[in-house]
Amino acid sequence: MRFLPTGEQAEFARTLHRLLGAADLPAAVRSWAAGEPAPGLEVWRKLAGTGLFALPVPEAYEGLGPLPVELALAFVELGRAGMPGPVVETAAAAVLIAELGDDVLAARFLPALAAGEAVATLTLPGGGPYALDAEAAGFRFAVWGDELRLSPGPGPVLPSTDPARRLSVLPAGGELLAAGPRVLAAAGAALCWARLLTAAQCLGVGEALLTRTVDYVKQRTQFGAPVGGFQAVKHRLADTLLGLEFARPLVWAGALRLDRGDVAAAKLAAGGAAYRAAATALQLHGAVGYTEELDLSLWLRKARPLRDAWGTPSACRAELLLGLPRGR
């Protein structure tokens with residue numbers, strides 16, 4: 001089993017890194033949190049030009065996939081950059097529609113999702129009751145029981161730990177798209193992908209927090225010396241790095257196999273590592289770490305919600321320890 005990206009996969013990740021680095025993501029995130037998604041959607045369109053949103057879509061519907069490994073690599077970069085919007089949900093929605101095996105529905109929704117022309121959000125059994133960024137989404141899918149519906153509206157925005165994660169409860173009703181056991185099977189596959197991509201995002205968020213913290217402790221001085229030279233600080237940073245590095249191969253294993261147990265392990269490890277990276281960053285930045293003006297806060301606020309999104313730690317442990325069926 002290969003746990004290193006190929007040259008082509010690594011170049012794709014570097015392309016995304018350069019694209020996201022050239023964008024003013026902190027400003028876009030703050031605008032998104034204020035209910036002004038235009039700057040974030042402009043970055044979305046640029047990402048679409050790389051083929052990112054075509055990766056979960058089968059080739060028969062103008063996609064490039066399904067390519068979960070490439071998509072996981074991409075979502076590490078999205079997490080590292082702090083990209084706002086329902087990127088996980090859009091990819092999971094594409095998987096949901098593709099897994100239904102309905103050519104009419106696939107032709108209706110998948111080309112627009114693959115091209116990045118449509119933003120999607122969704123709710124799934126086991127994924128929590130809230131839809132992310134529903135007011136910015138053109139497609140709002142909801143699975144209730146064994147029914148898949150296109151929700152008629154976004155619902156009011158609810159408070160969130162991360163203001164850029166705009167949560168709402170989708171109203172009941174709407175157009176019935178499909179029903180029956182195939183909906184439940186497709187929802188299970190989509191949940192697996194959503195959990196995997198959130199784990200990859202967590203990995204990127206943790207890496208961003210660690211990088212910013214290392215840079216800061218090299219500059220901050222105490223007793224006439226950089227605090228990064230203190231043994232206790234070094235140990236804290238080393239523990240944070242180890243957590244992220246131990247999570248990384250679990251994310252790749254989850255992407256390679258798309259096994260529910262492997263994906264749950266990846267989510268548990270990456271989510272926990274990102275949360276601990278946030279705690280380290282907050283402690284070592286001191287009081288300045290609490291300020292909203294510091295860009296660090298944009299990543300700090302993501303760590304806890306992403307740790308719990310699409311599978312809380314307890315849900316992931318249950319997947320691993322309670323003998324639930326394995327497979328997609």
# chains A, B, ... in the order shown; residues from 1 in each chain; ligands from 1
>>> residues_around(residues="Thr90 in chain A", least_positions_apart="5", cutoff="8 Å", atoms="only C-alpha atoms", output="CSV table (one decimal) with N, CA, C and O atoms, in the first residue's frame")
chain,number,residue,atom,x,y,z
A,53,PHE,N,-13.7,20.2,-8.2
A,53,PHE,CA,-15.0,19.7,-8.0
A,53,PHE,C,-15.4,18.6,-8.9
A,53,PHE,O,-16.5,18.0,-8.7
A,113,LEU,N,-22.2,20.4,-10.7
A,113,LEU,CA,-21.4,20.3,-9.5
A,113,LEU,C,-19.9,20.1,-10.0
A,113,LEU,O,-19.0,20.6,-9.4
A,119,VAL,N,-23.1,25.4,-6.1
A,119,VAL,CA,-22.7,25.1,-4.7
A,119,VAL,C,-23.8,24.2,-4.1
A,119,VAL,O,-24.9,24.5,-4.3
A,120,ALA,N,-23.4,23.2,-3.3
A,120,ALA,CA,-24.4,22.3,-2.7
A,120,ALA,C,-24.2,22.2,-1.2
A,120,ALA,O,-23.0,22.3,-0.8
A,121,THR,N,-25.2,21.9,-0.5
A,121,THR,CA,-25.1,21.5,0.9
A,121,THR,C,-26.1,20.4,1.1
A,121,THR,O,-26.9,20.1,0.2
A,122,LEU,N,-25.9,19.7,2.2
A,122,LEU,CA,-26.8,18.5,2.4
A,122,LEU,C,-26.8,18.1,3.9
A,122,LEU,O,-25.9,18.5,4.6
>>> closest_atom_pairs(of="range 94-207 of chain A", to="range 72-81 of chain A", cutoff="6 Å", atoms="only C-alpha atoms", output="Markdown table")
| residue | atom | partner | partner_atom | distance |
| --- | --- | --- | --- | --- |
| A:Leu197 | CA | A:Ala72 | CA | 5.7 |
| A:Ala200 | CA | A:Val76 | CA | 4.8 |
| A:Gln201 | CA | A:Gly79 | CA | 4.2 |
| A:Leu203 | CA | A:Val76 | CA | 6.0 |
| A:Gly204 | CA | A:Arg80 | CA | 4.0 |
| A:Val205 | CA | A:Gly79 | CA | 4.7 |
>>> closest_residue(among="A:Val43, A:Leu124, A:Leu19, A:Ala13", to="Gly85 in chain A", atoms="only C-alpha atoms")
A:Val43
>>> closest_residue(among="A:Gly82, A:Gly153, A:Gly35, A:Gly261", to="Glu319 in chain A", atoms="only C-alpha atoms")
A:Gly261
>>> residues_around(residues="Ala107 in chain A", least_positions_apart="3", cutoff="12 Å", atoms="only C-alpha atoms", output="number ranges by chain")
A: 57-63, 94, 97-98, 100-104, 110-114
>>> write_last_selection(atoms="N, CA and C atoms", output="CSV table (one decimal), in the first residue's frame")
chain,number,residue,atom,x,y,z
A,57,VAL,N,-16.9,13.2,-9.2
A,57,VAL,CA,-18.0,13.0,-10.1
A,57,VAL,C,-17.5,12.0,-11.2
A,58,PRO,N,-18.3,10.9,-11.5
A,58,PRO,CA,-17.9,10.0,-12.5
A,58,PRO,C,-17.7,10.6,-13.9
A,59,GLU,N,-16.8,10.0,-14.7
A,59,GLU,CA,-16.5,10.6,-16.0
A,59,GLU,C,-17.7,10.7,-16.9
A,60,ALA,N,-18.7,9.8,-16.7
A,60,ALA,CA,-19.9,9.8,-17.6
A,60,ALA,C,-20.7,11.1,-17.4
A,61,TYR,N,-20.5,11.8,-16.4
A,61,TYR,CA,-21.2,13.0,-16.1
A,61,TYR,C,-20.3,14.2,-16.0
A,62,GLU,N,-19.3,14.3,-16.9
A,62,GLU,CA,-18.4,15.4,-17.0
A,62,GLU,C,-17.4,15.5,-15.8
A,63,GLY,N,-17.2,14.5,-15.1
A,63,GLY,CA,-16.3,14.5,-14.0
A,63,GLY,C,-15.0,13.8,-14.3
A,94,ALA,N,-22.3,15.3,-4.5
A,94,ALA,CA,-22.0,14.6,-5.8
A,94,ALA,C,-21.9,13.1,-5.7
A,97,ILE,N,-25.5,11.7,-5.2
A,97,ILE,CA,-26.3,11.6,-6.5
A,97,ILE,C,-25.7,10.5,-7.4
A,98,ALA,N,-24.4,10.4,-7.4
A,98,ALA,CA,-23.8,9.4,-8.3
A,98,ALA,C,-24.1,8.0,-7.8
A,100,LEU,N,-26.8,6.9,-6.3
A,100,LEU,CA,-28.2,6.5,-6.5
A,100,LEU,C,-28.4,5.7,-7.7
A,101,GLY,N,-27.5,5.8,-8.7
A,101,GLY,CA,-27.6,5.1,-10.0
A,101,GLY,C,-28.8,5.5,-10.8
A,102,ASP,N,-29.2,6.7,-10.7
A,102,ASP,CA,-30.3,7.3,-11.5
A,102,ASP,C,-29.8,8.2,-12.5
A,103,ASP,N,-29.8,7.8,-13.8
A,103,ASP,CA,-29.2,8.6,-14.8
A,103,ASP,C,-29.9,10.0,-15.0
A,104,VAL,N,-31.2,10.1,-14.7
A,104,VAL,CA,-31.9,11.4,-14.9
A,104,VAL,C,-31.4,12.3,-13.8
A,110,LEU,N,-25.1,16.5,-11.6
A,110,LEU,CA,-23.6,16.3,-11.6
A,110,LEU,C,-22.8,17.2,-12.5
A,111,PRO,N,-23.2,17.4,-13.7
A,111,PRO,CA,-22.4,18.3,-14.5
A,111,PRO,C,-22.1,19.7,-13.9
A,112,ALA,N,-23.2,20.3,-13.3
A,112,ALA,CA,-23.0,21.6,-12.7
A,112,ALA,C,-22.1,21.5,-11.5
A,113,LEU,N,-22.2,20.4,-10.7
A,113,LEU,CA,-21.4,20.3,-9.5
A,113,LEU,C,-19.9,20.1,-10.0
A,114,ALA,N,-19.7,19.3,-11.0
A,114,ALA,CA,-18.4,19.0,-11.5
A,114,ALA,C,-17.7,20.3,-12.0
>>> closest_residue(among="A:Ser151, A:Gln283, A:Thr161, A:Thr6", to="Arg307 in chain A", atoms="only C-alpha atoms")
A:Thr161
